[in-house]
Amino acid sequence: MTKEEIIKSENLVYKKPTLMNDKPMHYCPGCSHGVVHKLIAEVIEEMGMEDKAIGVSPVGCAVFIYNYIDIDWQEAAHGRAPAVATAIKRLWEDRLVFTYQGDGDLACIGTAETIHALNRGENITIIFINNAIYGMTGGQMAPTTLMGMKTATSPYGRDLKLHGYPLKMTEIAAQLEGTAYVTRQAVHTVAAIRKTKKAIRKAFENSMNGKGSNLVEVVSTCSSGWKMTPEKSNNWMVENMFPYYPLGDLKDKE
């Protein structure tokens, strides 16, 4: 290394994960997806699993993660990612297998696949992005939409008599015998981002060590769907979503 290169490396504070492809992010300003993508790439790289990681992406905004992280990917039909991940992990036990799913995908059409994969204790990790709305398809009400929350299909707010209660998938997962680690995190601050990265690392290590299934929920924003600026979205999330979806570990078998 030249003297200039040595000085530059010594002063290096941050660099883009080597697994992140050199493509501009297509996500809306303030979207949480990009941050979580970076964390996943960093954890895989730090674990030395670049050649053994297999991600499963289904339908919705979450599907495009395959454009940004340079590992093997398998697409799945809407909601079926946990079933596909189960097959991959059973065939290749030495692989790091995870799904990346939104709340509409995971908690609605994929409810059965999610619950049964977790209950069987499949050695996979499910990363669950919960922004309480269907983001890609126009901002419709999702299973996780809060009471009174207005969406494209609930313009007067979610109504208990019409729509029932918001579904707390992470609390359900924590009650299942097969789950090893279940947690709910966020990425709205630097401290929160660090906690989420630690949670993803723990879940990935559990899946590689055969400890059972893992669920990492990330409570997120959808500025476009919520019709707010990124800053207001973060504030709204803290004030409204965190009370109903409190952050922290719900289950840790260790």
# chains A, B, ... in the order shown; residues from 1 in each chain; ligands from 1

$ residues_around --residues "Gly157 in chain A" --least-positions-apart "4" --cutoff "9 Å" --atoms "only C-alpha atoms" --output "ChimeraX atom specification"
/A:146-151,153

$ residues_around --residues "range 162-177 of chain A" --least-positions-apart "6" --cutoff "6 Å" --atoms "only C-alpha atoms" --output "MDAnalysis selection string"
chainID A and resid 119 143:146 251

$ write_last_selection --atoms "N, CA and C atoms" --output "mmCIF file, in the first residue's frame"
data_model
loop_
_atom_site.group_PDB
_atom_site.id
_atom_site.type_symbol
_atom_site.label_atom_id
_atom_site.label_comp_id
_atom_site.auth_asym_id
_atom_site.auth_seq_id
_atom_site.Cartn_x
_atom_site.Cartn_y
_atom_site.Cartn_z
ATOM 1 N N ASN A 119 -43.445 -22.727 13.621
ATOM 2 C CA ASN A 119 -43.842 -23.734 14.604
ATOM 3 C C ASN A 119 -43.062 -25.035 14.434
ATOM 4 N N PRO A 143 -53.153 -6.335 7.359
ATOM 5 C CA PRO A 143 -53.522 -6.945 8.639
ATOM 6 C C PRO A 143 -52.955 -6.194 9.840
ATOM 7 N N THR A 144 -51.861 -5.472 9.614
ATOM 8 C CA THR A 144 -51.181 -4.761 10.691
ATOM 9 C C THR A 144 -51.615 -3.298 10.822
ATOM 10 N N THR A 145 -52.478 -2.830 9.938
ATOM 11 C CA THR A 145 -52.950 -1.441 9.996
ATOM 12 C C THR A 145 -53.594 -1.154 11.356
ATOM 13 N N LEU A 146 -53.231 -0.032 11.944
ATOM 14 C CA LEU A 146 -53.702 0.312 13.282
ATOM 15 C C LEU A 146 -55.184 0.701 13.282
ATOM 16 N N LYS A 251 -38.798 -13.206 22.683
ATOM 17 C CA LYS A 251 -38.429 -14.575 23.052
ATOM 18 C C LYS A 251 -36.975 -14.832 22.685
#

$ residues_around --residues "range 181-198 of chain A" --least-positions-apart "6" --cutoff "7 Å" --atoms "only C-alpha atoms" --output "list of chain:residue names"
A:Ser32, A:Leu39, A:Thr170, A:Ala173, A:Ala174, A:Asn214, A:Leu215, A:Val216, A:Glu217, A:Val218, A:Val219, A:Ser220, A:Asn234, A:Leu247, A:Gly248, A:Asp249, A:Leu250, A:Lys251, A:Asp252, A:Lys253

$ closest_residue --among "A:Gly104, A:Gly212, A:Gly34, A:Gly139" --to "Thr86 in chain A" --atoms "only C-alpha atoms"
A:Gly212

$ select_by_dssp --residues "range 14-234 of chain A" --states "alpha helix (DSSP H)" --output "tab-separated table (two decimals) with C-alpha atoms, in the first residue's frame"
chain	number	residue	atom	x	y	z
A	33	HIS	CA	-36.08	-0.96	3.28
A	34	GLY	CA	-32.73	0.46	2.20
A	35	VAL	CA	-31.41	0.61	5.75
A	36	VAL	CA	-32.40	-2.99	6.46
A	37	HIS	CA	-30.85	-4.11	3.18
A	38	LYS	CA	-27.55	-2.60	4.27
A	39	LEU	CA	-27.70	-4.31	7.66
A	40	ILE	CA	-28.36	-7.71	6.10
A	41	ALA	CA	-25.43	-7.26	3.71
A	42	GLU	CA	-23.14	-6.21	6.55
A	43	VAL	CA	-24.08	-9.16	8.75
A	44	ILE	CA	-23.64	-11.72	5.96
A	45	GLU	CA	-20.24	-10.24	5.13
A	46	GLU	CA	-19.12	-10.15	8.76
A	47	MET	CA	-20.18	-13.77	9.23
A	81	ALA	CA	-41.44	-17.49	1.13
A	82	PRO	CA	-41.25	-19.47	4.42
A	83	ALA	CA	-42.30	-22.65	2.57
A	84	VAL	CA	-39.67	-22.10	-0.11
A	85	ALA	CA	-37.04	-21.29	2.53
A	86	THR	CA	-37.95	-24.51	4.35
A	87	ALA	CA	-37.22	-26.58	1.24
A	88	ILE	CA	-33.93	-24.80	0.58
A	89	LYS	CA	-32.67	-25.23	4.15
A	90	ARG	CA	-33.63	-28.89	4.28
A	91	LEU	CA	-31.79	-29.56	1.03
A	103	ASP	CA	-46.56	-7.27	6.48
A	104	GLY	CA	-49.13	-7.74	3.73
A	111	THR	CA	-50.15	-16.33	7.46
A	112	ALA	CA	-50.31	-20.12	7.32
A	113	GLU	CA	-46.85	-20.54	5.78
A	114	THR	CA	-45.33	-18.19	8.33
A	115	ILE	CA	-46.91	-19.78	11.39
A	116	HIS	CA	-46.28	-23.38	10.36
A	117	ALA	CA	-42.65	-22.83	9.32
A	118	LEU	CA	-41.96	-21.10	12.63
A	119	ASN	CA	-43.84	-23.73	14.60
A	120	ARG	CA	-41.89	-26.57	12.96
A	160	LEU	CA	-63.19	-2.77	14.62
A	161	LYS	CA	-66.64	-3.97	13.54
A	162	LEU	CA	-65.65	-4.09	9.89
A	163	HIS	CA	-62.02	-5.11	9.96
A	169	MET	CA	-47.63	-11.73	14.24
A	170	THR	CA	-44.54	-11.38	16.39
A	171	GLU	CA	-46.47	-12.03	19.59
A	172	ILE	CA	-47.99	-15.09	17.94
A	173	ALA	CA	-44.56	-16.31	16.86
A	174	ALA	CA	-43.20	-15.97	20.38
A	190	VAL	CA	-28.65	5.22	14.92
A	191	ALA	CA	-29.19	3.40	18.22
A	192	ALA	CA	-32.16	1.52	16.79
A	193	ILE	CA	-30.18	0.57	13.69
A	194	ARG	CA	-27.42	-0.92	15.84
A	195	LYS	CA	-29.93	-2.98	17.81
A	196	THR	CA	-31.55	-4.24	14.62
A	197	LYS	CA	-28.20	-5.29	13.20
A	198	LYS	CA	-27.41	-7.17	16.40
A	199	ALA	CA	-30.81	-8.88	16.23
A	200	ILE	CA	-30.27	-9.97	12.62
A	201	ARG	CA	-26.85	-11.34	13.50
A	202	LYS	CA	-28.25	-13.32	16.42
A	203	ALA	CA	-31.08	-14.73	14.30
A	204	PHE	CA	-28.69	-15.76	11.52
A	205	GLU	CA	-26.34	-17.43	13.99
A	206	ASN	CA	-29.25	-19.31	15.56
A	207	SER	CA	-30.34	-20.63	12.18
A	208	MET	CA	-26.81	-21.78	11.37
A	223	SER	CA	-43.98	7.85	3.66
A	224	SER	CA	-45.78	7.50	0.33
A	225	GLY	CA	-48.54	5.27	1.64
A	226	TRP	CA	-48.98	7.33	4.79
A	230	PRO	CA	-40.05	11.12	5.96
A	231	GLU	CA	-39.59	13.18	9.13
A	232	LYS	CA	-43.29	13.17	9.97
A	233	SER	CA	-43.46	9.47	9.19
A	234	ASN	CA	-40.79	8.70	11.75

$ atom_distance --atom1 "CA of Ile129 in chain A" --atom2 "CA of Ser154 in chain A"
20.9 Å

$ select_by_dssp --residues "range 59-184 of chain A" --states "strand (DSSP E)" --output "MDAnalysis selection string"
chainID A and resid 72:75 96:102 125:130 179:184

$ closest_residue --among "A:Gln74, A:Asn209, A:Thr229, A:Thr179" --to "Glu122 in chain A" --atoms "only C-alpha atoms"
A:Thr179

$ decode --residues "range 194-206 of chain A" --atoms "N, CA and C atoms" --output "PDB file, in the first residue's frame"
ATOM      1  N   ARG A 194     -28.409  -0.022  15.235  1.00  0.00           N
ATOM      2  CA  ARG A 194     -27.422  -0.923  15.840  1.00  0.00           C
ATOM      3  C   ARG A 194     -28.097  -2.122  16.500  1.00  0.00           C
ATOM      4  N   LYS A 195     -29.206  -1.883  17.162  1.00  0.00           N
ATOM      5  CA  LYS A 195     -29.932  -2.978  17.813  1.00  0.00           C
ATOM      6  C   LYS A 195     -30.501  -3.946  16.773  1.00  0.00           C
ATOM      7  N   THR A 196     -30.996  -3.392  15.667  1.00  0.00           N
ATOM      8  CA  THR A 196     -31.547  -4.242  14.620  1.00  0.00           C
ATOM      9  C   THR A 196     -30.462  -5.097  13.984  1.00  0.00           C
ATOM     10  N   LYS A 197     -29.304  -4.514  13.757  1.00  0.00           N
ATOM     11  CA  LYS A 197     -28.197  -5.293  13.196  1.00  0.00           C
ATOM     12  C   LYS A 197     -27.807  -6.427  14.142  1.00  0.00           C
ATOM     13  N   LYS A 198     -27.745  -6.140  15.416  1.00  0.00           N
ATOM     14  CA  LYS A 198     -27.414  -7.166  16.403  1.00  0.00           C
ATOM     15  C   LYS A 198     -28.461  -8.273  16.405  1.00  0.00           C
ATOM     16  N   ALA A 199     -29.723  -7.900  16.252  1.00  0.00           N
ATOM     17  CA  ALA A 199     -30.806  -8.880  16.228  1.00  0.00           C
ATOM     18  C   ALA A 199     -30.709  -9.775  15.000  1.00  0.00           C
ATOM     19  N   ILE A 200     -30.419  -9.179  13.840  1.00  0.00           N
ATOM     20  CA  ILE A 200     -30.274  -9.972  12.617  1.00  0.00           C
ATOM     21  C   ILE A 200     -29.110 -10.940  12.744  1.00  0.00           C
ATOM     22  N   ARG A 201     -28.013 -10.476  13.318  1.00  0.00           N
ATOM     23  CA  ARG A 201     -26.848 -11.344  13.505  1.00  0.00           C
ATOM     24  C   ARG A 201     -27.186 -12.526  14.419  1.00  0.00           C
ATOM     25  N   LYS A 202     -27.878 -12.267  15.490  1.00  0.00           N
ATOM     26  CA  LYS A 202     -28.254 -13.323  16.425  1.00  0.00           C
ATOM     27  C   LYS A 202     -29.178 -14.337  15.754  1.00  0.00           C
ATOM     28  N   ALA A 203     -30.146 -13.842  14.990  1.00  0.00           N
ATOM     29  CA  ALA A 203     -31.077 -14.733  14.302  1.00  0.00           C
ATOM     30  C   ALA A 203     -30.348 -15.602  13.280  1.00  0.00           C
ATOM     31  N   PHE A 204     -29.453 -15.000  12.517  1.00  0.00           N
ATOM     32  CA  PHE A 204     -28.694 -15.758  11.521  1.00  0.00           C
ATOM     33  C   PHE A 204     -27.817 -16.819  12.191  1.00  0.00           C
ATOM     34  N   GLU A 205     -27.185 -16.468  13.287  1.00  0.00           N
ATOM     35  CA  GLU A 205     -26.339 -17.429  13.993  1.00  0.00           C
ATOM     36  C   GLU A 205     -27.173 -18.580  14.548  1.00  0.00           C
ATOM     37  N   ASN A 206     -28.353 -18.263  15.070  1.00  0.00           N
ATOM     38  CA  ASN A 206     -29.246 -19.314  15.559  1.00  0.00           C
ATOM     39  C   ASN A 206     -29.611 -20.295  14.453  1.00  0.00           C
TER      40      ASN A 206
END
